[in-house]
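S.K.: File name protein-v3.cif; file contents mmCIF, C-alpha atoms; full text below.
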data_coords
#
loop_
_atom_site.group_PDB
_atom_site.id
_atom_site.type_symbol
_atom_site.label_atom_id
_atom_site.label_comp_id
_atom_site.auth_asym_id
_atom_site.auth_seq_id
_atom_site.Cartn_x
_atom_site.Cartn_y
_atom_site.Cartn_z
ATOM 1 C CA MET A 1 207.434 166.136 99.905
ATOM 2 C CA ASN A 2 205.767 164.050 102.616
ATOM 3 C CA SER A 3 204.287 165.627 105.739
ATOM 4 C CA ALA A 4 206.867 164.105 108.122
ATOM 5 C CA ARG A 5 209.701 165.780 106.212
ATOM 6 C CA ILE A 6 207.788 169.068 106.160
ATOM 7 C CA ARG A 7 207.181 168.902 109.915
ATOM 8 C CA GLY A 8 210.859 168.078 110.498
ATOM 9 C CA ALA A 9 212.044 170.976 108.331
ATOM 10 C CA LEU A 10 209.588 173.351 109.984
ATOM 11 C CA THR A 11 210.634 172.230 113.479
ATOM 12 C CA ARG A 12 214.327 172.747 112.666
ATOM 13 C CA LEU A 13 213.582 176.132 111.149
ATOM 14 C CA LEU A 14 211.531 177.287 114.124
ATOM 15 C CA THR A 15 214.056 175.981 116.646
ATOM 16 C CA LEU A 16 216.947 177.758 114.930
ATOM 17 C CA SER A 17 215.306 180.845 113.411
ATOM 18 C CA LEU A 18 212.426 182.053 115.568
ATOM 19 C CA PRO A 19 214.570 183.083 118.564
ATOM 20 C CA MET A 20 216.880 184.896 116.152
ATOM 21 C CA LEU A 21 213.919 186.577 114.432
ATOM 22 C CA LEU A 22 212.524 187.833 117.704
ATOM 23 C CA SER A 23 215.821 189.072 119.162
ATOM 24 C CA THR A 24 217.339 190.673 116.048
ATOM 25 C CA PRO A 25 217.539 194.443 115.536
ATOM 26 C CA ARG A 26 214.743 196.026 113.532
ATOM 27 C CA GLN A 27 216.801 196.327 110.339
ATOM 28 C CA THR A 28 217.041 192.656 109.342
ATOM 29 C CA THR A 29 215.431 190.934 106.378
ATOM 30 C CA TYR A 30 215.060 187.174 106.229
ATOM 31 C CA VAL A 31 214.405 185.400 102.957
ATOM 32 C CA VAL A 32 213.284 181.848 103.600
ATOM 33 C CA ARG A 33 212.924 179.469 100.643
ATOM 34 C CA PRO A 34 210.935 176.334 101.428
ATOM 35 C CA PRO A 35 211.979 173.035 99.834
ATOM 36 C CA ARG A 36 210.507 172.382 96.403
ATOM 37 C CA GLY A 37 206.983 171.012 96.472
ATOM 38 C CA SER A 38 206.119 172.150 99.998
ATOM 39 C CA ARG A 39 203.411 174.795 99.665
ATOM 40 C CA LYS A 40 202.144 174.318 103.220
ATOM 41 C CA LEU A 41 205.623 174.923 104.601
ATOM 42 C CA GLY A 42 205.956 178.071 102.498
ATOM 43 C CA ALA A 43 202.612 179.414 103.726
ATOM 44 C CA THR A 44 203.541 178.633 107.345
ATOM 45 C CA LEU A 45 206.894 180.373 106.992
ATOM 46 C CA LEU A 46 205.249 183.385 105.369
ATOM 47 C CA PHE A 47 202.867 183.581 108.338
ATOM 48 C CA LEU A 48 205.745 183.273 110.830
ATOM 49 C CA VAL A 49 207.813 185.939 109.092
ATOM 50 C CA SER A 50 204.748 188.212 108.877
ATOM 51 C CA THR A 51 204.030 187.624 112.567
ATOM 52 C CA ALA A 52 207.661 188.352 113.410
ATOM 53 C CA GLY A 53 207.230 191.659 111.566
ATOM 54 C CA LEU A 54 204.280 192.497 113.791
ATOM 55 C CA LEU A 55 206.452 191.720 116.800
ATOM 56 C CA GLY A 56 209.011 194.322 115.798
ATOM 57 C CA VAL A 57 211.331 192.742 113.198
ATOM 58 C CA SER A 58 211.727 194.837 110.046
ATOM 59 C CA PRO A 59 213.875 194.833 106.874
ATOM 60 C CA ALA A 60 217.483 195.989 106.276
ATOM 61 C CA GLN A 61 220.773 194.072 106.830
ATOM 62 C CA ALA A 62 222.172 192.333 103.716
ATOM 63 C CA LEU A 63 224.460 189.332 103.353
ATOM 64 C CA ASP A 64 227.770 190.131 101.657
ATOM 65 C CA LEU A 65 227.980 187.445 99.000
ATOM 66 C CA VAL A 66 231.394 188.615 97.771
ATOM 67 C CA SER A 67 233.805 190.651 99.905
ATOM 68 C CA SER A 68 235.598 193.748 98.587
ATOM 69 C CA ALA A 69 238.893 191.837 98.664
ATOM 70 C CA GLU A 70 237.379 189.012 96.582
ATOM 71 C CA ALA A 71 235.902 191.484 94.092
ATOM 72 C CA ALA A 72 239.373 193.035 93.652
ATOM 73 C CA LEU A 73 240.888 189.695 92.546
ATOM 74 C CA PRO A 74 241.752 189.388 88.806
ATOM 75 C CA ASP A 75 239.005 188.037 86.538
ATOM 76 C CA ASP A 76 239.249 184.415 85.420
ATOM 77 C CA VAL A 77 239.627 184.664 81.664
ATOM 78 C CA THR A 78 240.374 180.985 81.111
ATOM 79 C CA ARG A 79 236.742 180.014 81.390
ATOM 80 C CA GLY A 80 233.878 181.072 79.200
ATOM 81 C CA ILE A 81 231.119 179.736 77.077
ATOM 82 C CA THR A 82 232.224 176.469 75.546
ATOM 83 C CA ARG A 83 230.937 174.686 72.482
ATOM 84 C CA SER A 84 230.139 171.051 72.249
ATOM 85 C CA ALA A 85 231.081 169.027 69.187
ATOM 86 C CA SER A 86 229.680 169.871 65.748
ATOM 87 C CA ILE A 87 227.809 167.187 63.803
ATOM 88 C CA VAL A 88 227.459 167.827 60.062
ATOM 89 C CA GLN A 89 225.878 165.529 57.481
ATOM 90 C CA GLU A 90 228.055 165.632 54.350
ATOM 91 C CA GLN A 91 226.895 162.632 52.270
ATOM 92 C CA PRO A 92 224.230 162.408 51.105
ATOM 93 C CA PRO A 93 223.933 166.200 51.279
ATOM 94 C CA PRO A 94 220.960 167.323 53.384
ATOM 95 C CA LYS A 95 217.842 168.323 51.412
ATOM 96 C CA SER A 96 219.404 167.127 48.134
ATOM 97 C CA GLY A 97 216.429 164.946 47.305
ATOM 98 C CA PRO A 98 216.007 161.189 47.383
ATOM 99 C CA VAL A 99 219.053 158.909 47.218
ATOM 100 C CA ARG A 100 219.222 155.414 45.803
ATOM 101 C CA SER A 101 220.488 152.431 47.773
ATOM 102 C CA PRO A 102 223.312 151.583 48.146
ATOM 103 C CA PHE A 103 224.735 154.981 49.130
ATOM 104 C CA GLN A 104 227.564 156.527 51.140
ATOM 105 C CA LEU A 105 226.874 158.001 54.584
ATOM 106 C CA LYS A 106 229.411 160.587 55.707
ATOM 107 C CA ILE A 107 228.919 162.606 58.897
ATOM 108 C CA ALA A 108 231.663 164.984 60.053
ATOM 109 C CA LEU A 109 232.344 165.289 63.794
ATOM 110 C CA LYS A 110 234.409 168.226 65.032
ATOM 111 C CA ALA A 111 235.406 168.992 68.620
ATOM 112 C CA HIS A 112 236.062 172.578 69.746
ATOM 113 C CA GLY A 113 238.206 174.346 72.319
ATOM 114 C CA GLY A 114 241.110 171.911 72.277
ATOM 115 C CA SER A 115 238.995 168.877 73.150
ATOM 116 C CA ARG A 116 238.742 165.652 71.130
ATOM 117 C CA ILE A 117 235.825 163.519 70.008
ATOM 118 C CA ASP A 118 235.161 160.621 72.383
ATOM 119 C CA VAL A 119 234.747 157.844 69.798
ATOM 120 C CA LYS A 120 233.173 155.513 72.375
ATOM 121 C CA SER A 121 230.367 158.036 72.992
ATOM 122 C CA VAL A 122 229.145 158.135 69.367
ATOM 123 C CA GLN A 123 225.637 156.725 68.955
ATOM 124 C CA LEU A 124 223.280 156.421 65.994
ATOM 125 C CA ILE A 125 219.615 155.946 66.913
ATOM 126 C CA TYR A 126 216.950 155.115 64.316
ATOM 127 C CA MET A 127 213.953 157.189 65.398
ATOM 128 C CA LYS A 128 211.149 154.637 65.501
ATOM 129 C CA THR A 129 208.957 153.285 68.279
ATOM 130 C CA PRO A 130 210.749 151.591 69.883
ATOM 131 C CA MET A 131 214.009 153.362 68.972
ATOM 132 C CA VAL A 132 216.627 151.169 67.283
ATOM 133 C CA ASP A 133 220.304 151.567 68.229
ATOM 134 C CA LEU A 134 222.328 151.362 64.990
ATOM 135 C CA THR A 135 225.681 152.128 66.632
ATOM 136 C CA GLU A 136 227.180 148.620 66.518
ATOM 137 C CA ARG A 137 226.204 148.246 62.852
ATOM 138 C CA VAL A 138 228.361 151.245 61.917
ATOM 139 C CA ARG A 139 231.043 150.988 64.660
ATOM 140 C CA ALA A 140 233.749 150.119 62.082
ATOM 141 C CA GLY A 141 233.137 153.418 60.269
ATOM 142 C CA ILE A 142 233.353 155.668 63.354
ATOM 143 C CA SER A 143 236.508 157.730 63.923
ATOM 144 C CA GLU A 144 237.446 161.013 65.624
ATOM 145 C CA SER A 145 236.806 162.862 62.380
ATOM 146 C CA GLY A 146 233.371 161.378 61.817
ATOM 147 C CA ILE A 147 231.341 158.494 60.470
ATOM 148 C CA LEU A 148 232.016 157.071 57.016
ATOM 149 C CA MET A 149 230.107 154.068 55.699
ATOM 150 C CA GLU A 150 230.063 152.875 52.094
ATOM 151 C CA GLY A 151 227.384 150.750 50.465
ATOM 152 C CA LEU A 152 224.538 151.371 52.924
ATOM 153 C CA SER A 153 221.070 150.207 52.046
ATOM 154 C CA LEU A 154 217.761 151.437 53.455
ATOM 155 C CA PRO A 155 214.197 150.613 52.450
ATOM 156 C CA PRO A 156 212.490 153.309 50.345
ATOM 157 C CA GLY A 157 210.971 156.176 52.324
ATOM 158 C CA GLN A 158 211.872 158.812 54.895
ATOM 159 C CA HIS A 159 214.311 157.862 57.656
ATOM 160 C CA ARG A 160 215.414 159.911 60.691
ATOM 161 C CA ILE A 161 218.597 158.969 62.521
ATOM 162 C CA GLN A 162 219.739 160.791 65.627
ATOM 163 C CA VAL A 163 223.511 161.150 66.011
ATOM 164 C CA ARG A 164 224.837 161.680 69.542
ATOM 165 C CA VAL A 165 228.428 162.428 70.495
ATOM 166 C CA ALA A 166 230.451 163.747 73.443
ATOM 167 C CA ASP A 167 233.874 165.344 73.480
ATOM 168 C CA SER A 168 236.778 164.594 75.824
ATOM 169 C CA GLU A 169 235.423 167.195 78.287
ATOM 170 C CA GLY A 170 232.039 165.461 78.474
ATOM 171 C CA ARG A 171 230.088 168.067 76.472
ATOM 172 C CA GLU A 172 227.349 166.304 74.536
ATOM 173 C CA SER A 173 225.814 167.102 71.155
ATOM 174 C CA GLU A 174 223.110 165.577 69.066
ATOM 175 C CA ALA A 175 221.794 166.155 65.570
ATOM 176 C CA MET A 176 219.105 164.642 63.388
ATOM 177 C CA VAL A 177 220.080 163.146 60.021
ATOM 178 C CA GLN A 178 217.212 162.964 57.514
ATOM 179 C CA LEU A 179 217.525 160.410 54.751
ATOM 180 C CA ASP A 180 215.045 160.178 51.866
ATOM 181 C CA VAL A 181 215.494 156.945 49.944
ATOM 182 C CA ALA A 182 213.977 156.688 46.452
ATOM 183 C CA ARG A 183 211.360 154.067 45.689
#
For the file at hand, write its structure as structure tokens.

M.R.:
Amino acid sequence: MNSARIRGALTRLLTLSLPMLLSTPRQTTYVVRPPRGSRKLGATLLFLVSTAGLLGVSPAQALDLVSSAEAALPDDVTRGITRSASIVQEQPPPKSGPVRSPFQLKIALKAHGGSRIDVKSVQLIYMKTPMVDLTERVRAGISESGILMEGLSLPPGQHRIQVRVADSEGRESEAMVQLDVAR
């Protein structure tokens, strides 16, 4: 945070808060959080709050975050922890040993909680430097139920492909597919 912004924030804070700090009853606590990255501002505010304490301001009054009437409202049971889509490598089976080219690649995609797979969000990234986007090469084999490609060929060796997908509610998932191709 640059010094002009810090000075501006400090000036606004002092203009609005210091008179209130000095004229408030003794049972008031102020918690002041400086903007991220502004250590000088935090130290200055700590000094000002400490000085205000010496001038007769002391802790006590709390802010009611939720009123009693709001707390008495029924709980919202329609929301909860939600799951993003599952990505499961089916063919070749994971850790089944080396495969020979050509082979079948089958990856199951499953949405949860009543959502659907967003087919346009599916991406396959070959994990190299730089990364290689394989999505358009397999676009014809992508559906809501997964990715199915017959007759794929890869050079011998270990290959890592990252699969990314989002569901109709925007929840994103990714998984790493490991392929070991025989020499």

S.K.: Write out as a PyMOL selection string the residues lying within 10 Å of Gln89 (chain A), counting all atoms listed in the file and excluding same-chain residues fewer than 3 positions away.

M.R.: chain A and resi 92-94+105-109+146-147+163+175-178

S.K.: Compare A:Ser145, A:Gly151, A:Ser84, A:Arg100 by their minimum atom-to-atom distance to Glu172 (chain A), counting all atoms listed in the file, and give me the closest one.

M.R.: A:Ser84

S.K.: Given the choices A:Asp64, A:Pro74, A:Phe103, A:Pro98, which gets closest to Leu148 (chain A) if the distance is worked out from all atoms listed in the file?

M.R.: A:Phe103

S.K.: Pick out the closest residue to Ile142 (chain A) from this set: A:Lys95, A:Lys120, A:His159, A:Arg183. Count all atoms listed in the file.

M.R.: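 Among the listed residues, the smallest separation from Ile142 (chain A) belongs to A:Lys120.
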
S.K.: Could you tell me which residues the PyMOL selection byres ((chain A and resi 116) around 10) returns for this structure, as an NGL selection string?

M.R.: :A and (85 or 109-115 or 117-119 or 144-145 or 166-170)

S.K.: I'd like to know which of A:Leu154, A:Ala69, A:Leu124, A:Met131 is closest to Ala182 (chain A), using all atoms listed in the file.

M.R.: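 Smallest distance to Ala182 (chain A) is found for A:Leu154.
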
S.K.: Return the single residue from A:Val181, A:Ser86, A:Arg164, A:Glu174 that is closest to Asp133 (chain A), with distances computed using all atoms listed in the file.

M.R.: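 Among A:Val181, A:Ser86, A:Arg164, A:Glu174, it is A:Arg164 that comes nearest to Asp133 (chain A).
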
S.K.: Could you tell me which of A:Val122, A:Ile87, A:Leu73, A:Val66 comes closest to Arg139 (chain A) if we count all atoms listed in the file?

M.R.: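 When distances to Arg139 (chain A) are compared using all atoms listed in the file, the smallest one comes from A:Val122.
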
S.K.: I'd like the interatomic distance between CA of Pro156 (chain A) and CA of Arg137 (chain A), to a tenth of an Å.

M.R.: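 If I compute the distance from CA of Pro156 (chain A) to CA of Arg137 (chain A), I get 19.2 Å.
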
S.K.: Enter the distance from CA of Asp180 (chain A) to CA of Val99 (chain A), in Å, rounded to one decimal.

M.R.: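 Taking CA of Asp180 (chain A) and CA of Val99 (chain A), their separation equals 6.3 Å.
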
S.K.: Record the distance separating CA of Val88 (chain A) and CA of Ile161 (chain A), expressed in Å with one decimal.

M.R.: 12.8 Å
